[in-house]
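S.K.: First the structure, then my questions, so here it is.
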Amino acid sequence: MSRAIKIFQGRFGRVALLEMDKPLIAHAHHHCHALIKLSGPDTFFSVRGALQPLTAATAVLVNAWEPHAYACHQPEVGRTVLLALYIEPAWLAEIQRQLAVSGHPQFFPHPCVEITAHARRLADELAGEMLVADAIPPARLETQLFELMITVIDRNSEWRNFGELLRASRRQTADPRIRRAMALIRDGLGEGLDFDRIAAECALSRAHFFALFRRCTNLTPGVYANVLRMEGAIRNLSSGNEAIAGISLDLGFSAQSHFTRFFREHLGITPSEYRKVVDVVEAESAEPLPR
């Protein structure tokens with residue numbers, strides 16, 4: 001079974017040290033997402049309809065809201081240990097304004113890229129510290145994360161085309177009916193979602209609703225709802241001692257077992273396991289200097 005070795009969570013987003021041997025279903029995040037293999041057999045993530053190799057020489061990069069899945073190619077050969085970075089675009093933008101576009105759906109042109117020796121060294125150092133340290137000082141952790149992310153971003157993103165990406169974002173403003181649908185999904189998570197009803201409230205047929213939603217967001221309504229559920233679950237699991245059964249109910253699951261299966265399908269571990277390994281970084285820290 002897959003397991004989480006250590007997870008740090010803070011205003012930067014999340015960074016996780018994961019040992020994987022089971023596939024994950026197609027899912028998405030609002031984060032700027034990077035995956036780096038640390039040890040074990042080579043493996044694959046499915047991004048943009050193709051298997052992207054995750055090896056000692058490559059990293060997999062996933063744009064915000066981009067569907068992807070862990071393909072777990074040949075799991076019988078052993079577990080792959082990887083470093084997964086889920087970075088908040090707003091945090092990157094605090095440090096360097098142009099990096100606000102890290103939340104753009106075309107920020108990373110290519111989902112599989114060569115990892116440089118410098119990025120490999122930074123990833124290994126961060127992973128090593130996560131493995132052995134009970135805690136990492138917030139300022140040091142944020143500096144390590146930013147240095148690693150900017151090393152990857154600098155070679156493999158469109159961040160220097162800041163103006164063009166912003167203009168493209170404005171052109172891609174969602175249809176007002178889909179904006180309403182997204183609000184209805186957000187507001188209805190705890191009550192169970194009826195997509196037929198949501199389509200009708202947006203004056204759309206079911207077929208037109210699903211087609212228009214995908215065209216505007218690159219996601220199905222179900223995957224979008226699951227993104228919100230997962231982020232709500234992670235936030236609640238790490239922010240207090242609320243019973244998992246209560247979190248499950250708040251997110252619209254009829255039974256805790258359904259929530260546990262849903263969480264494992266998306267992250268590879270159970271909600272209780274997540275709560276055990278997550279370390280919430282709460283202290284404010286000095287901003288690292290941009291490169």
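We name chains A, B, ... following the order of the structure tokens; residues begin at 1 in each chain, and ligands are numbered from 1 as shown.
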List as a PyMOL selection string the protein and nucleic acid residues near segment 216-227 of chain A, meaning an atom at most 10 Å away when only C-alpha atoms are counted, but skip any in the same chain fewer than 6 places from it.
M.R.: chain A and resi 26-30+65-67+105+172-175+178-179+181-182+185-186+188-189+193+195+209-210+233+251+262-263+266
S.K.: Can you tell me, as a VMD selection string, what residues are no more than 10 Å from Arg177 of chain A when counting only C-alpha atoms, ignoring any on the same chain fewer than 6 positions away?
M.R.: chain A and resid 183 199 201 to 204 209 212 to 213
S.K.: List as an NGL selection string the protein and nucleic acid residues near Glu191 of chain A, meaning an atom at most 10 Å away when only C-alpha atoms are counted, but skip any in the same chain fewer than 5 places from it.
M.R.: :A and (185 or 249-254)
S.K.: Running DSSP on the backbone, which parts of segment 63-232 of chain A land in alpha helix (DSSP H), as JSON, numbers by chain?
M.R.: {"A": [89, 90, 91, 92, 93, 94, 95, 117, 118, 119, 120, 121, 122, 123, 124, 125, 126, 127, 128, 129, 130, 131, 132, 138, 139, 140, 141, 142, 143, 144, 145, 146, 147, 148, 149, 150, 151, 152, 153, 154, 155, 156, 162, 163, 164, 165, 166, 167, 168, 169, 170, 171, 176, 177, 178, 179, 180, 181, 182, 183, 184, 185, 186, 187, 188, 195, 196, 197, 198, 199, 200, 201, 206, 207, 208, 209, 210, 211, 212, 213, 214, 215, 216, 217, 221, 222, 223, 224, 225, 226, 227, 228, 229, 230, 231, 232]}
S.K.: Residues near Phe107 of chain A, anyone? I mean within 7 Å using only C-alpha atoms, not counting same-chain ones fewer than 4 positions away, as a list in words.
M.R.: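 Skipping anything fewer than 4 positions along the chain leaves Asn63, Val101, Ser102, Ser157, Glu158 and Trp159 of chain A.
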S.K.: Can you write out the residues you just picked, keeping N, CA and C atoms, as a PDB file, in the first residue's frame?
M.R.:
```
ATOM      1  N   ASN A  63       0.019  21.690 -14.556  1.00  0.00           N
ATOM      2  CA  ASN A  63      -0.537  23.022 -14.385  1.00  0.00           C
ATOM      3  C   ASN A  63      -1.702  23.021 -13.397  1.00  0.00           C
ATOM      4  N   VAL A 101       1.412  34.252 -12.486  1.00  0.00           N
ATOM      5  CA  VAL A 101       0.929  33.455 -13.615  1.00  0.00           C
ATOM      6  C   VAL A 101       1.215  31.961 -13.426  1.00  0.00           C
ATOM      7  N   SER A 102       1.799  31.564 -12.310  1.00  0.00           N
ATOM      8  CA  SER A 102       2.009  30.133 -12.060  1.00  0.00           C
ATOM      9  C   SER A 102       0.693  29.388 -11.888  1.00  0.00           C
ATOM     10  N   SER A 157       8.962  26.974 -17.852  1.00  0.00           N
ATOM     11  CA  SER A 157       7.653  27.614 -17.789  1.00  0.00           C
ATOM     12  C   SER A 157       7.602  28.839 -18.686  1.00  0.00           C
ATOM     13  N   GLU A 158       6.408  29.424 -18.739  1.00  0.00           N
ATOM     14  CA  GLU A 158       6.183  30.630 -19.526  1.00  0.00           C
ATOM     15  C   GLU A 158       6.124  31.865 -18.630  1.00  0.00           C
ATOM     16  N   TRP A 159       6.793  31.819 -17.464  1.00  0.00           N
ATOM     17  CA  TRP A 159       6.608  32.908 -16.511  1.00  0.00           C
ATOM     18  C   TRP A 159       7.168  34.236 -17.017  1.00  0.00           C
TER      19      TRP A 159
END
```
S.K.: Do you know which residues are at most 12 Å from Glu129 of chain A counting only C-alpha atoms, after dropping those on the same chain fewer than 2 positions away, and could you put them as a PDB file with N, CA and C atoms, in the first residue's frame?
M.R.:
```
ATOM      1  N   LYS A   6       6.160  11.960   5.005  1.00  0.00           N
ATOM      2  CA  LYS A   6       6.093  13.240   5.712  1.00  0.00           C
ATOM      3  C   LYS A   6       5.432  14.269   4.806  1.00  0.00           C
ATOM      4  N   ILE A   7       4.615  15.133   5.406  1.00  0.00           N
ATOM      5  CA  ILE A   7       3.968  16.220   4.669  1.00  0.00           C
ATOM      6  C   ILE A   7       4.102  17.501   5.481  1.00  0.00           C
ATOM      7  N   PHE A   8       4.554  18.569   4.833  1.00  0.00           N
ATOM      8  CA  PHE A   8       4.544  19.901   5.432  1.00  0.00           C
ATOM      9  C   PHE A   8       3.493  20.726   4.696  1.00  0.00           C
ATOM     10  N   LEU A  17       6.498  13.895   0.954  1.00  0.00           N
ATOM     11  CA  LEU A  17       7.409  12.801   0.662  1.00  0.00           C
ATOM     12  C   LEU A  17       6.556  11.534   0.652  1.00  0.00           C
ATOM     13  N   LEU A 122      18.910  20.098  -4.982  1.00  0.00           N
ATOM     14  CA  LEU A 122      17.979  20.792  -4.088  1.00  0.00           C
ATOM     15  C   LEU A 122      16.858  19.860  -3.632  1.00  0.00           C
ATOM     16  N   ALA A 123      16.335  19.041  -4.540  1.00  0.00           N
ATOM     17  CA  ALA A 123      15.272  18.103  -4.179  1.00  0.00           C
ATOM     18  C   ALA A 123      15.773  17.061  -3.188  1.00  0.00           C
ATOM     19  N   ASP A 124      16.967  16.535  -3.426  1.00  0.00           N
ATOM     20  CA  ASP A 124      17.531  15.529  -2.515  1.00  0.00           C
ATOM     21  C   ASP A 124      17.786  16.126  -1.135  1.00  0.00           C
ATOM     22  N   GLU A 125      18.280  17.362  -1.082  1.00  0.00           N
ATOM     23  CA  GLU A 125      18.534  18.005   0.209  1.00  0.00           C
ATOM     24  C   GLU A 125      17.237  18.223   0.985  1.00  0.00           C
ATOM     25  N   LEU A 126      16.201  18.704   0.297  1.00  0.00           N
ATOM     26  CA  LEU A 126      14.916  18.923   0.957  1.00  0.00           C
ATOM     27  C   LEU A 126      14.328  17.607   1.436  1.00  0.00           C
ATOM     28  N   ALA A 127      14.340  16.595   0.590  1.00  0.00           N
ATOM     29  CA  ALA A 127      13.783  15.297   0.965  1.00  0.00           C
ATOM     30  C   ALA A 127      14.548  14.685   2.138  1.00  0.00           C
ATOM     31  N   LEU A 131      13.020  13.789   5.816  1.00  0.00           N
ATOM     32  CA  LEU A 131      13.066  12.405   6.293  1.00  0.00           C
ATOM     33  C   LEU A 131      13.589  12.300   7.712  1.00  0.00           C
ATOM     34  N   VAL A 132      14.564  13.140   8.079  1.00  0.00           N
ATOM     35  CA  VAL A 132      15.240  12.957   9.368  1.00  0.00           C
ATOM     36  C   VAL A 132      14.871  13.999  10.413  1.00  0.00           C
ATOM     37  N   ALA A 133      14.341  15.142   9.984  1.00  0.00           N
ATOM     38  CA  ALA A 133      14.093  16.224  10.948  1.00  0.00           C
ATOM     39  C   ALA A 133      12.682  16.127  11.503  1.00  0.00           C
ATOM     40  N   ASP A 134      12.547  16.347  12.821  1.00  0.00           N
ATOM     41  CA  ASP A 134      11.216  16.419  13.412  1.00  0.00           C
ATOM     42  C   ASP A 134      10.474  17.647  12.911  1.00  0.00           C
ATOM     43  N   ALA A 135      11.204  18.723  12.665  1.00  0.00           N
ATOM     44  CA  ALA A 135      10.620  19.953  12.129  1.00  0.00           C
ATOM     45  C   ALA A 135      11.701  20.705  11.380  1.00  0.00           C
ATOM     46  N   ILE A 136      11.271  21.506  10.410  1.00  0.00           N
ATOM     47  CA  ILE A 136      12.183  22.380   9.676  1.00  0.00           C
ATOM     48  C   ILE A 136      11.754  23.808   9.976  1.00  0.00           C
ATOM     49  N   PRO A 137      12.670  24.677  10.392  1.00  0.00           N
ATOM     50  CA  PRO A 137      12.284  26.077  10.659  1.00  0.00           C
ATOM     51  C   PRO A 137      11.553  26.661   9.454  1.00  0.00           C
ATOM     52  N   ARG A 140      13.565  28.482   6.747  1.00  0.00           N
ATOM     53  CA  ARG A 140      14.419  27.585   5.972  1.00  0.00           C
ATOM     54  C   ARG A 140      13.594  26.761   4.984  1.00  0.00           C
ATOM     55  N   LEU A 141      12.445  26.240   5.431  1.00  0.00           N
ATOM     56  CA  LEU A 141      11.602  25.439   4.554  1.00  0.00           C
ATOM     57  C   LEU A 141      11.124  26.262   3.358  1.00  0.00           C
ATOM     58  N   GLN A 144      13.979  26.814   0.937  1.00  0.00           N
ATOM     59  CA  GLN A 144      14.272  25.601   0.175  1.00  0.00           C
ATOM     60  C   GLN A 144      13.232  25.379  -0.923  1.00  0.00           C
TER      61      GLN A 144
END
```
S.K.: If you count only C-alpha atoms, which residues fall within 10 Å of Met20 of chain A, apart from same-chain ones fewer than 3 positions away, as a PyMOL selection string?
M.R.: chain A and resi 1-4+17+23-24+40+43+70+72+75+78-82+267-269
S.K.: So, counting only C-alpha atoms, which residue among A:His31, A:Phe108, A:Ala139, A:Ser257 is closest to Asp154 of chain A?
M.R.: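 Going through A:His31, A:Phe108, A:Ala139, A:Ser257 one by one, the smallest distance to Asp154 of chain A is for A:Phe108.
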S.K.: Ranking A:Gly190, A:Val77, A:Ser205, A:Leu83 by minimum distance to Ala56 of chain A and counting only C-alpha atoms, which one comes first?
M.R.: A:Leu83
S.K.: Identify, with DSSP run on backbone atoms, the residues in segment 48-196 of chain A assigned to strand (DSSP E or B), and express the list as a ChimeraX atom specification.
M.R.: /A:50-54,58-62,68-70,80-87,112-114
S.K.: Tell me, as a count of residues only, which residues lie within 8 Å of Ala245 of chain A, counting only C-alpha atoms; anything in the same chain fewer than 2 positions away does not count.
M.R.: 6
S.K.: One decimal, in Å: what's the spacing between atom CA of His33 of chain A and atom CA of Ile87 of chain A?
M.R.: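 The value is 6.3 Å.
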